[in-house]
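So this block is query-v2.cif, mmCIF, C-alpha atoms and all ligand atoms:
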```cif
data_structure
loop_
_atom_site.label_atom_id
_atom_site.label_comp_id
_atom_site.auth_asym_id
_atom_site.auth_seq_id
_atom_site.Cartn_x
_atom_site.Cartn_y
_atom_site.Cartn_z
CA MET A 1 25.42 42.42 11.01
CA SER A 2 23.16 45.41 11.32
CA ASP A 3 20.38 45.08 13.91
CA LYS A 4 18.37 47.66 12.06
CA ALA A 5 15.43 45.96 10.42
CA ASN A 6 14.57 47.11 6.95
CA GLU A 7 11.73 49.64 7.02
CA ASP A 8 9.82 47.63 4.43
CA CYS A 9 8.02 44.42 5.19
CA TYR A 10 7.79 42.17 2.13
CA ASP A 11 4.74 40.03 1.58
CA VAL A 12 7.11 37.23 0.60
CA VAL A 13 10.86 36.62 0.69
CA VAL A 14 11.97 33.71 -1.50
CA ILE A 15 15.38 32.26 -0.63
CA GLY A 16 17.26 30.76 -3.58
CA ALA A 17 17.02 31.41 -7.32
CA GLY A 18 17.36 27.88 -8.64
CA ALA A 19 14.67 25.98 -10.50
CA ALA A 20 12.39 25.99 -7.43
CA GLY A 21 12.90 29.63 -6.41
CA VAL A 22 12.45 30.93 -9.96
CA GLY A 23 9.46 28.66 -10.64
CA VAL A 24 7.58 29.50 -7.44
CA SER A 25 8.31 33.22 -7.95
CA ILE A 26 6.58 33.07 -11.34
CA ALA A 27 3.60 31.44 -9.63
CA LEU A 28 3.62 34.31 -7.08
CA ARG A 29 3.45 36.74 -10.02
CA HIS A 30 0.53 34.79 -11.48
CA ALA A 31 -1.17 34.94 -8.09
CA GLY A 32 -1.03 38.74 -8.23
CA ILE A 33 1.62 39.07 -5.52
CA GLU A 34 3.97 41.97 -6.22
CA ASN A 35 5.65 42.89 -2.99
CA PHE A 36 8.24 40.12 -2.93
CA VAL A 37 11.97 39.64 -3.40
CA VAL A 38 14.17 36.65 -4.27
CA LEU A 39 17.48 36.45 -2.37
CA GLU A 40 20.25 34.47 -4.08
CA ARG A 41 23.69 33.91 -2.54
CA HIS A 42 25.42 33.59 -5.94
CA SER A 43 23.56 34.10 -9.22
CA VAL A 44 20.41 32.68 -10.81
CA GLY A 45 20.90 28.95 -11.51
CA ALA A 46 24.22 28.79 -9.62
CA SER A 47 23.84 25.13 -8.61
CA PHE A 48 23.27 24.03 -12.21
CA GLU A 49 26.29 26.08 -13.19
CA GLY A 50 28.29 24.04 -10.65
CA TRP A 51 27.47 20.62 -12.15
CA PRO A 52 30.41 18.69 -13.64
CA ALA A 53 30.79 19.97 -17.20
CA GLU A 54 29.82 16.63 -18.79
CA THR A 55 26.69 16.04 -16.70
CA ARG A 56 23.41 16.36 -18.55
CA PHE A 57 19.77 16.27 -17.53
CA ILE A 58 18.50 12.72 -17.30
CA THR A 59 14.90 13.91 -17.77
CA PRO A 60 14.45 14.75 -21.45
CA SER A 61 13.17 18.09 -22.67
CA PHE A 62 10.72 18.22 -25.57
CA PRO A 63 8.60 21.15 -26.77
CA THR A 64 5.20 19.74 -25.82
CA ASN A 65 3.63 23.03 -24.73
CA SER A 66 1.55 23.59 -27.86
CA ILE A 67 -0.65 20.65 -26.89
CA GLY A 68 -1.03 21.74 -23.29
CA MET A 69 1.62 19.48 -21.75
CA LEU A 70 4.61 21.03 -20.06
CA ASP A 71 8.15 20.13 -21.10
CA LEU A 72 9.39 17.79 -18.31
CA ASN A 73 12.08 20.30 -17.31
CA SER A 74 9.91 23.39 -17.52
CA ILE A 75 9.35 25.43 -14.38
CA ALA A 76 6.52 27.61 -15.69
CA ILE A 77 3.55 27.49 -18.00
CA GLY A 78 4.52 28.46 -21.55
CA VAL A 79 8.23 27.88 -20.87
CA SER A 80 10.21 25.08 -22.51
CA PRO A 81 13.96 24.49 -22.14
CA ALA A 82 13.78 22.27 -25.25
CA PHE A 83 12.45 25.19 -27.26
CA SER A 84 14.81 27.82 -25.87
CA LEU A 85 17.97 25.67 -25.73
CA GLU A 86 17.30 23.31 -28.64
CA VAL A 87 18.69 20.35 -26.69
CA GLU A 88 17.01 17.29 -25.25
CA HIS A 89 19.33 16.68 -22.29
CA PRO A 90 20.75 20.09 -21.29
CA THR A 91 24.01 20.45 -19.39
CA GLY A 92 23.88 22.30 -16.06
CA GLU A 93 25.40 25.36 -17.66
CA GLU A 94 22.80 25.36 -20.43
CA TYR A 95 19.96 25.01 -17.95
CA ALA A 96 21.37 27.84 -15.80
CA SER A 97 21.35 30.13 -18.83
CA HIS A 98 17.75 29.07 -19.48
CA LEU A 99 16.80 29.97 -15.88
CA ARG A 100 18.49 33.36 -16.20
CA GLY A 101 16.48 34.05 -19.36
CA VAL A 102 13.22 33.02 -17.67
CA ALA A 103 13.93 35.18 -14.59
CA GLN A 104 14.61 38.14 -16.88
CA PHE A 105 11.52 37.53 -19.01
CA PHE A 106 9.24 37.52 -15.96
CA GLU A 107 11.16 40.48 -14.50
CA LEU A 108 11.61 38.67 -11.22
CA PRO A 109 12.95 40.85 -8.39
CA VAL A 110 16.11 38.79 -7.80
CA ARG A 111 18.88 40.18 -5.61
CA GLU A 112 22.09 38.26 -6.31
CA GLN A 113 25.13 37.83 -4.03
CA VAL A 114 22.88 37.92 -0.96
CA ASP A 115 23.58 35.00 1.35
CA VAL A 116 20.82 34.29 3.84
CA LEU A 117 22.31 33.34 7.19
CA ARG A 118 19.24 32.90 9.35
CA VAL A 119 15.47 32.99 9.35
CA THR A 120 13.52 33.65 12.56
CA LYS A 121 9.94 34.48 13.35
CA VAL A 122 9.37 37.42 15.67
CA GLY A 123 5.73 38.07 16.43
CA ALA A 124 3.74 37.95 13.20
CA ASP A 125 6.72 38.61 10.90
CA PHE A 126 9.87 36.87 9.78
CA ARG A 127 13.34 38.31 10.15
CA VAL A 128 15.63 37.23 7.31
CA ASP A 129 19.25 37.92 8.24
CA THR A 130 21.85 38.35 5.53
CA LYS A 131 25.45 39.46 6.03
CA ASP A 132 24.61 43.12 5.50
CA GLU A 133 21.01 43.61 6.56
CA THR A 134 17.87 42.18 8.09
CA LEU A 135 14.73 41.99 5.96
CA ARG A 136 11.20 41.63 7.28
CA ALA A 137 8.59 39.46 5.62
CA LYS A 138 5.09 38.15 6.20
CA HIS A 139 5.92 34.89 4.43
CA VAL A 140 9.12 33.06 3.61
CA ILE A 141 9.60 30.44 0.89
CA TRP A 142 12.73 28.37 1.47
CA ALA A 143 14.05 27.22 -1.93
CA ALA A 144 17.79 26.96 -1.23
CA GLY A 145 18.05 23.43 -2.65
CA GLU A 146 20.40 20.55 -1.94
CA PHE A 147 23.32 20.76 -4.35
CA GLN A 148 25.31 23.28 -2.31
CA TYR A 149 24.82 21.18 0.83
CA PRO A 150 26.40 17.80 -0.06
CA ARG A 151 26.48 14.87 2.38
CA LEU A 152 30.15 14.69 3.34
CA ALA A 153 30.14 12.77 6.62
CA ALA A 154 28.76 9.44 5.48
CA PHE A 155 31.26 7.07 7.17
CA SER A 156 34.63 7.11 8.86
CA GLY A 157 37.25 8.63 6.55
CA SER A 158 34.76 10.21 4.16
CA GLU A 159 36.81 13.41 4.50
CA PHE A 160 39.41 11.72 2.26
CA CYS A 161 36.82 11.38 -0.51
CA ARG A 162 35.73 13.93 -3.04
CA HIS A 163 32.01 14.62 -3.49
CA THR A 164 30.86 14.56 -7.12
CA ALA A 165 29.23 17.97 -6.53
CA THR A 166 32.75 19.47 -6.29
CA VAL A 167 34.07 18.03 -9.57
CA PRO A 168 34.27 20.69 -12.31
CA SER A 169 34.90 18.12 -15.04
CA TYR A 170 35.43 14.33 -15.04
CA GLU A 171 37.75 14.61 -18.00
CA ASP A 172 40.21 16.66 -15.94
CA LEU A 173 40.43 14.21 -13.01
CA GLU A 174 43.87 12.68 -12.75
CA GLY A 175 44.33 8.95 -12.25
CA ASP A 176 43.31 5.74 -13.99
CA ASN A 177 41.62 3.67 -11.36
CA PHE A 178 38.59 5.18 -9.62
CA ILE A 179 36.34 4.10 -6.80
CA ILE A 180 32.85 5.58 -6.63
CA ILE A 181 30.70 5.22 -3.51
CA GLY A 182 27.00 5.55 -4.37
CA GLY A 183 25.32 4.01 -7.40
CA TYR A 184 22.27 6.15 -8.00
CA GLU A 185 22.16 8.83 -10.75
CA SER A 186 25.27 10.87 -9.82
CA GLY A 187 27.42 7.76 -9.26
CA ILE A 188 26.41 6.17 -12.55
CA ASP A 189 26.90 9.50 -14.32
CA ALA A 190 30.43 9.81 -12.90
CA ALA A 191 31.23 6.19 -13.85
CA TYR A 192 29.91 6.75 -17.37
CA HIS A 193 32.08 9.82 -18.02
CA LEU A 194 35.20 8.30 -16.45
CA ALA A 195 34.75 5.09 -18.44
CA CYS A 196 34.27 7.22 -21.52
CA SER A 197 37.78 8.62 -20.88
CA ASP A 198 39.11 5.05 -20.69
CA LYS A 199 39.41 4.99 -16.88
CA GLN A 200 38.75 1.87 -14.78
CA VAL A 201 35.94 2.29 -12.26
CA ARG A 202 34.70 0.25 -9.30
CA LEU A 203 31.31 1.44 -8.14
CA PHE A 204 29.77 0.51 -4.78
CA ASP A 205 26.22 0.81 -3.56
CA LYS A 206 24.49 -0.36 -0.41
CA GLY A 207 21.57 -1.51 -2.56
CA CYS A 208 21.20 -2.16 -6.24
CA PRO A 209 19.54 0.88 -7.88
CA TRP A 210 20.26 -0.45 -11.40
CA LYS A 211 18.05 -3.47 -10.70
CA ASP A 212 15.33 -1.78 -8.64
CA GLU A 213 11.91 -2.76 -9.88
CA SER A 214 10.17 0.49 -8.95
CA SER A 215 8.90 2.55 -11.87
CA ASP A 216 9.54 5.75 -9.89
CA PRO A 217 12.80 7.40 -11.00
CA SER A 218 13.14 8.88 -7.50
CA VAL A 219 13.97 5.33 -6.41
CA ALA A 220 15.20 3.45 -9.48
CA LEU A 221 17.64 4.60 -12.15
CA SER A 222 16.27 6.61 -15.05
CA THR A 223 16.04 5.10 -18.51
CA TYR A 224 18.71 7.57 -19.64
CA SER A 225 21.19 6.05 -17.17
CA LEU A 226 20.16 2.44 -17.84
CA GLU A 227 20.63 3.06 -21.55
CA ARG A 228 24.12 4.48 -20.99
CA MET A 229 25.06 1.51 -18.80
CA ARG A 230 24.46 -0.78 -21.78
CA GLU A 231 27.32 0.81 -23.76
CA ASP A 232 30.04 -1.78 -24.48
CA TRP A 233 32.75 0.36 -22.95
CA PHE A 234 30.68 0.98 -19.77
CA GLU A 235 30.35 -2.75 -19.26
CA ARG A 236 34.08 -3.18 -20.00
CA GLN A 237 35.41 -0.39 -17.78
CA VAL A 238 32.99 -0.34 -14.84
CA GLU A 239 32.73 -3.03 -12.19
CA LEU A 240 29.52 -2.83 -10.15
CA PHE A 241 29.38 -3.90 -6.49
CA ALA A 242 25.74 -4.10 -5.39
CA HIS A 243 24.74 -4.54 -1.72
CA THR A 244 28.24 -3.51 -0.64
CA PRO A 245 28.04 -0.67 1.90
CA ILE A 246 31.36 1.06 2.55
CA GLU A 247 32.41 1.21 6.19
CA SER A 248 35.54 3.36 6.06
CA VAL A 249 38.22 4.98 3.95
CA LEU A 250 41.80 5.12 5.15
CA GLN A 251 44.53 7.29 3.70
CA VAL A 252 47.79 5.33 3.42
CA ASP A 253 51.13 5.92 1.76
CA GLY A 254 50.49 6.36 -1.93
CA GLY A 255 46.72 6.02 -1.81
CA TYR A 256 43.53 4.97 -0.06
CA LYS A 257 42.09 1.78 1.40
CA VAL A 258 38.33 1.50 0.99
CA LYS A 259 36.82 -1.04 3.39
CA ALA A 260 33.41 -2.58 2.80
CA ILE A 261 31.17 -3.76 5.63
CA ASP A 262 31.70 -7.36 4.49
CA GLY A 263 35.43 -6.96 5.32
CA ARG A 264 36.82 -6.67 1.78
CA VAL A 265 39.38 -3.92 1.21
CA PHE A 266 39.87 -2.13 -2.11
CA ASP A 267 42.96 -0.06 -2.93
CA THR A 268 43.12 3.03 -5.09
CA THR A 269 45.63 5.81 -5.67
CA VAL A 270 42.93 8.39 -6.44
CA PRO A 271 40.67 9.97 -3.76
CA PRO A 272 37.42 7.96 -3.86
CA LEU A 273 34.44 9.80 -5.30
CA LEU A 274 31.43 10.25 -3.03
CA ALA A 275 28.09 10.09 -4.78
CA GLY A 276 26.05 9.58 -1.65
CA GLY A 277 23.62 12.43 -2.03
CA PHE A 278 22.97 15.64 -0.16
CA ASP A 279 22.14 16.78 3.37
CA GLY A 280 20.05 19.55 1.87
CA SER A 281 19.63 23.18 2.94
CA HIS A 282 16.43 22.42 4.86
CA LYS A 283 18.66 21.16 7.68
CA LEU A 284 19.55 24.83 8.34
CA LEU A 285 15.92 25.41 9.34
CA ALA A 286 15.60 22.29 11.48
CA ASP A 287 14.19 24.32 14.38
CA LEU A 288 11.40 25.77 12.21
CA PHE A 289 9.95 22.49 10.96
CA GLU A 290 8.82 19.28 12.61
CA GLN A 291 10.75 16.35 11.22
CA ARG A 292 9.58 13.13 9.65
CA LYS A 293 11.28 9.86 10.60
CA ASP A 294 13.42 10.16 7.44
CA GLY A 295 14.63 13.63 8.52
CA PHE A 296 12.63 15.58 5.93
CA PRO A 297 10.33 18.38 7.11
CA VAL A 298 6.72 17.66 7.99
CA LEU A 299 4.62 19.88 5.73
CA SER A 300 0.99 20.91 5.70
CA GLU A 301 -1.07 20.22 2.59
CA HIS A 302 0.14 23.63 1.34
CA ASP A 303 3.81 22.82 1.98
CA GLU A 304 3.86 25.09 5.00
CA SER A 305 5.69 24.38 8.24
CA THR A 306 3.36 22.80 10.79
CA VAL A 307 5.03 24.71 13.64
CA VAL A 308 5.79 28.14 12.14
CA SER A 309 2.96 29.51 10.02
CA GLY A 310 3.96 31.51 6.95
CA LEU A 311 7.11 29.45 6.26
CA PHE A 312 6.94 27.31 3.09
CA LEU A 313 9.32 24.80 1.53
CA CYS A 314 9.81 24.45 -2.23
CA GLY A 315 12.02 22.09 -4.17
CA PRO A 316 13.41 18.56 -4.03
CA ALA A 317 13.17 18.18 -0.24
CA VAL A 318 9.36 18.26 -0.36
CA ARG A 319 7.84 14.99 0.82
CA HIS A 320 4.23 13.97 1.30
CA GLN A 321 3.56 10.46 2.57
CA ASN A 322 5.64 8.26 0.25
CA HIS A 323 5.90 10.84 -2.54
CA VAL A 324 9.41 12.10 -3.18
CA PHE A 325 9.30 15.36 -5.17
CA CYS A 326 12.98 15.33 -6.13
CA PHE A 327 12.70 16.06 -9.86
CA ILE A 328 11.64 19.33 -11.45
CA TYR A 329 8.56 17.76 -13.04
CA LYS A 330 7.54 16.63 -9.56
CA TYR A 331 8.24 19.60 -7.30
CA ARG A 332 6.95 22.17 -9.81
CA GLN A 333 3.53 20.62 -9.07
CA ARG A 334 3.67 22.40 -5.72
CA PHE A 335 4.45 25.95 -6.95
CA ALA A 336 0.84 27.04 -7.49
CA VAL A 337 -0.27 25.35 -4.26
CA VAL A 338 2.19 27.50 -2.29
CA ALA A 339 1.41 30.67 -4.27
CA LYS A 340 -2.32 30.16 -3.77
CA ALA A 341 -1.96 29.62 -0.02
CA ILE A 342 0.03 32.84 0.31
CA ALA A 343 -2.33 34.80 -1.95
CA ASN A 344 -5.28 33.60 0.16
CA ALA A 345 -3.52 34.71 3.34
CA LEU A 346 -2.96 38.14 1.76
CA GLY A 347 -6.60 38.35 0.67
CA LEU A 348 -5.83 38.19 -3.06
CA PRO A 349 -8.19 36.25 -5.36
CA ALA A 350 -5.34 34.65 -7.41
CA GLU A 351 -7.74 33.82 -10.24
CA GLU A 352 -4.97 33.49 -12.81
CA LEU A 353 -3.67 30.44 -10.96
CA GLU A 354 -6.69 28.49 -12.19
CA ASN A 355 -4.76 28.21 -15.49
CA TYR A 356 -2.29 25.92 -13.78
CA ARG A 357 -4.96 23.28 -13.44
CA LYS A 358 -5.40 23.19 -17.22
CA TRP A 359 -1.72 22.27 -17.48
CA GLY A 360 -2.12 19.39 -15.08
CA MET A 361 -0.54 21.34 -12.22
CA TYR A 362 -1.86 20.99 -8.67
CA LEU A 363 -3.71 23.80 -6.98
CA ASP A 364 -5.29 22.16 -3.97
CA ASP A 365 -4.39 18.52 -4.31
CA LEU A 366 -1.88 16.88 -2.07
CA SER A 367 -0.66 13.97 -4.13
CA CYS A 368 -0.53 12.97 -7.76
CA CYS A 369 -3.09 10.33 -8.53
CA GLY A 370 -3.68 8.43 -5.35
CA GLU A 371 -2.73 4.97 -4.26
CA GLU A 372 -3.79 3.26 -7.46
CA CYS A 373 -0.90 4.83 -9.36
CA ALA A 374 1.76 2.24 -10.14
CA THR A 375 4.53 4.83 -10.01
CA CYS A 376 3.84 6.11 -6.52
C1 LIG B 401 24.02 15.99 -11.00
C2 LIG B 401 22.55 16.24 -10.89
C3 LIG B 401 21.71 15.91 -11.94
C4 LIG B 401 20.36 16.16 -11.86
N1 LIG B 401 19.55 15.85 -12.92
C5 LIG B 401 18.24 16.18 -12.88
C6 LIG B 401 17.39 15.95 -14.00
O1 LIG B 401 17.80 15.43 -15.01
N2 LIG B 401 16.08 16.32 -13.90
C7 LIG B 401 15.58 16.90 -12.77
O2 LIG B 401 14.39 17.21 -12.74
N3 LIG B 401 16.37 17.11 -11.69
C8 LIG B 401 17.66 16.77 -11.74
N4 LIG B 401 18.46 16.98 -10.64
C9 LIG B 401 17.87 17.55 -9.46
C10 LIG B 401 17.75 19.05 -9.67
O3 LIG B 401 18.95 19.57 -10.12
C11 LIG B 401 17.45 19.67 -8.40
O4 LIG B 401 16.23 19.15 -8.02
C12 LIG B 401 17.35 21.18 -8.56
O5 LIG B 401 18.59 21.77 -8.74
C13 LIG B 401 16.74 21.71 -7.35
O6 LIG B 401 16.45 23.04 -7.60
P1 LIG B 401 16.42 24.01 -6.40
O7 LIG B 401 16.01 25.33 -6.94
O8 LIG B 401 15.64 23.43 -5.29
O9 LIG B 401 17.91 24.02 -5.88
P2 LIG B 401 19.19 24.71 -6.51
O10 LIG B 401 19.22 24.56 -7.97
O11 LIG B 401 20.35 24.22 -5.70
O12 LIG B 401 18.93 26.24 -6.17
C14 LIG B 401 19.05 26.77 -4.88
C15 LIG B 401 19.60 28.17 -4.99
O13 LIG B 401 19.64 28.72 -3.70
C16 LIG B 401 20.85 29.41 -3.50
N5 LIG B 401 21.13 29.36 -2.08
C17 LIG B 401 21.50 28.30 -1.35
N6 LIG B 401 21.64 28.64 -0.06
C18 LIG B 401 21.36 29.94 0.02
C19 LIG B 401 21.34 30.88 1.08
N7 LIG B 401 21.64 30.51 2.34
N8 LIG B 401 21.01 32.17 0.83
C20 LIG B 401 20.70 32.56 -0.45
N9 LIG B 401 20.71 31.72 -1.48
C21 LIG B 401 21.02 30.42 -1.25
C22 LIG B 401 21.86 28.68 -4.35
O14 LIG B 401 22.93 29.49 -4.77
C23 LIG B 401 21.01 28.20 -5.53
O15 LIG B 401 21.07 29.09 -6.62
C24 LIG B 401 19.82 16.73 -10.69
C25 LIG B 401 20.67 17.05 -9.63
C26 LIG B 401 22.01 16.81 -9.72
C27 LIG B 401 22.90 17.18 -8.56
#
```

Can you present the structure in this file as structure tokens?
Ligand SMILES: Cc1cc2nc3c(=O)[nH]c(=O)nc-3n(C[C@H](O)[C@H](O)[C@H](O)COP(=O)(O)OP(=O)(O)OC[C@H]3O[C@@H](n4cnc5c(N)ncnc54)[C@H](O)[C@@H]3O)c2cc1C
Amino acid sequence: MSDKANEDCYDVVVIGAGAAGVGVSIALRHAGIENFVVLERHSVGASFEGWPAETRFITPSFPTNSIGMLDLNSIAIGVSPAFSLEVEHPTGEEYASHLRGVAQFFELPVREQVDVLRVTKVGADFRVDTKDETLRAKHVIWAAGEFQYPRLAAFSGSEFCRHTATVPSYEDLEGDNFIIIGGYESGIDAAYHLACSDKQVRLFDKGCPWKDESSDPSVALSTYSLERMREDWFERQVELFAHTPIESVLQVDGGYKVKAIDGRVFDTTVPPLLAGGFDGSHKLLADLFEQRKDGFPVLSEHDESTVVSGLFLCGPAVRHQNHVFCFIYKYRQRFAVVAKAIANALGLPAEELENYRKWGMYLDDLSCCGEECATC
């Protein structure tokens, strides 16, 4: 790696061109910030492109913009995936193409195939190290997501399992008898598609997300998944094991032994599928954020690190109190907050951001609607 720092110092470097990186970059534009760059290790929307082919958005898209309400999967004012894609539940590939179109439309300064290896703060500026160069920036927005950082080490023998994030297509998986570990959205999605191909599935979860009484889809299953679980063939092909944490997986001659904490052992000839979530890219910056008890970064009311000023987090890892911002319609609420904080630091008035308020987007607020809200 070259030690030579780039001559230019950007006002902002955004890392990652997924839904969060593209969305917050548009907010930077609306805040009047021009001297910024988006660094993307693959291409715009790469994580969505990597979803299993059959997987679709659980949050529906609908062209609601004309009445001043954003499409649930929109990342910017005036943008609607429903309108541009003409589908209600886009596939990952469809949504990636939507993001590419949006990035082009807003002429975002995205540099693709640039993998960020390290972020450090030296004096007042950040050093952003990539394989080939070091960039300097006054502010950094970390938006590198979770999908490319799956949780692989969940229990002994999890290396024998296959994470659902690495499955190109459920239809192409060989075998007839599957075990899935994790029963939230990805696990149910995998079970649904396998059952659809006439496979037998046993699905294990340490809790019971399909019976959770919370009305927050960050905790309980979405209506889209619950609806799919009511299909006759889902009920016929999929056996659900609630409150059954898996302790270990053993590879044996001709297959795998999956052992639950209650001592039961389940055999399968196919590598078990792991649907246990993601470690998340924010772990790479563990030294630049304080950590909450749950391991997520402690953030200021502007989603800035509380130990390194000028470093912001955007995307599904954002947490405030008990609010989990893991869906697009949740974490997009923070884009204008971050853009406004950076614009203020740069001495820009950012008047255009006031428009976000009209669309129900946050500008200064920390949480959605306070403790009275039944969904929080
Ligand atoms: C199967 C599945 C279904 C989902 N369904 C829904 C849904 O229906 N509705 C919803 O709202 N949310 C859904 N989500 C969640 C949603 O996909 C994520 O919240 C979203 O992808 C997060 O966007 P992001 O921009 O933070 O991360 P990503 O989309 O992962 O984007 C991060 C980008 O950063 C790049 N990157 C990573 N590391 C580096 C690096 N070191 N240097 C440079 N670039 C880097 C990546 O290539 C990637 O393009 C789903 C997630 C999954 C896995």

Please determine, counting all atoms listed in the file, which residue among A:Leu194, A:Thr223, A:Ile181, A:Leu70 has the shortest atom-to-atom distance to A:Phe241.
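When distances to A:Phe241 are compared using all atoms listed in the file, the smallest one comes from A:Ile181.
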
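Shortest atom-to-atom contact with A:Thr130 among A:Val110, A:Val252, A:Leu117, A:Leu284: A:Leu117, counting only C-alpha atoms.
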
Produce a table with one row for each residue of chain A that has an atom at most 7 Å from any atom of ligand LIG 401 (chain B), each row naming the nearest atom pair and its distance in Å at one decimal; use all atoms listed in the file; arrange rows by chain and rising residue number; format as a tab-separated table.
```
residue	atom	partner	partner_atom	distance
A:Ile15	CA	B:LIG401	C20	5.3
A:Gly16	CA	B:LIG401	O13	3.1
A:Ala17	CA	B:LIG401	O15	4.7
A:Gly18	CA	B:LIG401	O7	3.3
A:Ala19	CA	B:LIG401	O7	3.9
A:Ala20	CA	B:LIG401	O7	3.7
A:Gly21	CA	B:LIG401	O7	5.3
A:Leu39	CA	B:LIG401	C20	5.4
A:Glu40	CA	B:LIG401	N9	3.8
A:Arg41	CA	B:LIG401	N9	3.8
A:His42	CA	B:LIG401	O14	4.9
A:Ser43	CA	B:LIG401	O15	6.2
A:Val44	CA	B:LIG401	O15	5.6
A:Gly45	CA	B:LIG401	O15	4.9
A:Ala46	CA	B:LIG401	O15	4.4
A:Ser47	CA	B:LIG401	O11	4.6
A:Phe48	CA	B:LIG401	O10	5.9
A:Trp51	CA	B:LIG401	C1	5.9
A:Thr55	CA	B:LIG401	C1	6.3
A:Arg56	CA	B:LIG401	O1	6.7
A:Phe57	CA	B:LIG401	O1	3.3
A:Ile58	CA	B:LIG401	O1	3.6
A:Thr59	CA	B:LIG401	O1	4.3
A:Asn73	CA	B:LIG401	O2	6.0
A:Val114	CA	B:LIG401	C20	5.8
A:Asp115	CA	B:LIG401	N8	3.9
A:Val116	CA	B:LIG401	N8	3.7
A:Leu117	CA	B:LIG401	N7	5.7
A:Ala143	CA	B:LIG401	O8	5.3
A:Ala144	CA	B:LIG401	O13	3.6
A:Gly145	CA	B:LIG401	O9	3.3
A:Glu146	CA	B:LIG401	O11	5.3
A:Phe147	CA	B:LIG401	O11	4.8
A:Gln148	CA	B:LIG401	O11	6.1
A:Ala165	CA	B:LIG401	C27	6.7
A:Ser186	CA	B:LIG401	C1	5.4
A:Ser281	CA	B:LIG401	N6	6.5
A:Cys314	CA	B:LIG401	O8	6.7
A:Gly315	CA	B:LIG401	O8	4.0
A:Pro316	CA	B:LIG401	O4	4.9
A:Cys326	CA	B:LIG401	O4	5.4
A:Phe327	CA	B:LIG401	O2	3.5
A:Ile328	CA	B:LIG401	O2	3.7
A:Tyr329	CA	B:LIG401	O2	5.9
```

Using all atoms listed in the file and a cutoff of 12 Å, can you tell me which residues are near (8.3, 18.4, 13.3) in the file's coordinates, and write them out as a PDB file with C-alpha atoms, in the frame of the given file?
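Printed below is result_9.pdb as written:
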```pdb
ATOM      1  CA  LEU A 285      15.920  25.410   9.340  1.00  0.00           C
ATOM      2  CA  ALA A 286      15.600  22.290  11.480  1.00  0.00           C
ATOM      3  CA  ASP A 287      14.190  24.320  14.380  1.00  0.00           C
ATOM      4  CA  LEU A 288      11.400  25.770  12.210  1.00  0.00           C
ATOM      5  CA  PHE A 289       9.950  22.490  10.960  1.00  0.00           C
ATOM      6  CA  GLU A 290       8.820  19.280  12.610  1.00  0.00           C
ATOM      7  CA  GLN A 291      10.750  16.350  11.220  1.00  0.00           C
ATOM      8  CA  ARG A 292       9.580  13.130   9.650  1.00  0.00           C
ATOM      9  CA  LYS A 293      11.280   9.860  10.600  1.00  0.00           C
ATOM     10  CA  ASP A 294      13.420  10.160   7.440  1.00  0.00           C
ATOM     11  CA  GLY A 295      14.630  13.630   8.520  1.00  0.00           C
ATOM     12  CA  PHE A 296      12.630  15.580   5.930  1.00  0.00           C
ATOM     13  CA  PRO A 297      10.330  18.380   7.110  1.00  0.00           C
ATOM     14  CA  VAL A 298       6.720  17.660   7.990  1.00  0.00           C
ATOM     15  CA  LEU A 299       4.620  19.880   5.730  1.00  0.00           C
ATOM     16  CA  SER A 300       0.990  20.910   5.700  1.00  0.00           C
ATOM     17  CA  GLU A 304       3.860  25.090   5.000  1.00  0.00           C
ATOM     18  CA  SER A 305       5.690  24.380   8.240  1.00  0.00           C
ATOM     19  CA  THR A 306       3.360  22.800  10.790  1.00  0.00           C
ATOM     20  CA  VAL A 307       5.030  24.710  13.640  1.00  0.00           C
ATOM     21  CA  VAL A 308       5.790  28.140  12.140  1.00  0.00           C
TER      22      VAL A 308
END
```

One decimal, in Å: what's the spacing between atom CA of A:Ala124 and atom CA of A:Pro349?
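Separation of atom CA of A:Ala124 and atom CA of A:Pro349: 22.1 Å.
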
Counting all atoms listed in the file, which of A:Glu247, A:Glu49, A:Asp172, A:Asp8 gets nearest to A:Lys259?
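Looking only at the distances to A:Lys259, the closest residue turns out to be A:Glu247.
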
Suppose you want the space between atom CA of A:Ser80 and atom CA of A:Ser61; what is it in Å?
7.6 Å

Between atom CA of A:Phe155 and atom CA of A:Val238 - distance in Å to one decimal
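Result for atom CA of A:Val238 versus atom CA of A:Phe155: 23.3 Å, one decimal.
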
Please provide the set of residues having any atom within 9 Å of A:Val37, restricted to all atoms listed in the file, with same-chain residues fewer than 4 positions apart removed, written as a compact mmCIF listing (two decimals) with C-alpha atoms, in the coordinates of the input.
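out-v9.txt, written as the output of this step:
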```
# COMPACT_ATOMS: atom_id res chain seq x y z
CA TYR A 10 7.79 42.17 2.13
CA ASP A 11 4.74 40.03 1.58
CA VAL A 12 7.11 37.23 0.60
CA VAL A 13 10.86 36.62 0.69
CA VAL A 14 11.97 33.71 -1.50
CA ILE A 15 15.38 32.26 -0.63
CA SER A 25 8.31 33.22 -7.95
CA LEU A 108 11.61 38.67 -11.22
CA PRO A 109 12.95 40.85 -8.39
CA VAL A 110 16.11 38.79 -7.80
CA ARG A 111 18.88 40.18 -5.61
```

For stretch 350-353 of chain A, what centre and edge lengths in Å (one decimal) does the axis-aligned box get once 6 Å is added on each side of all its listed atoms, as AutoDock Vina command-line options?
```
--center_x -5.7 --center_y 32.5 --center_z -10.1 --size_x 16.1 --size_y 16.2 --size_z 17.4
```

Which of these, A:Val324, A:Ala242, A:Leu346, A:Ala154, has the shortest distance to A:Ser218 once you count all atoms listed in the file?
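Closest residue, counting all atoms listed in the file: A:Val324.
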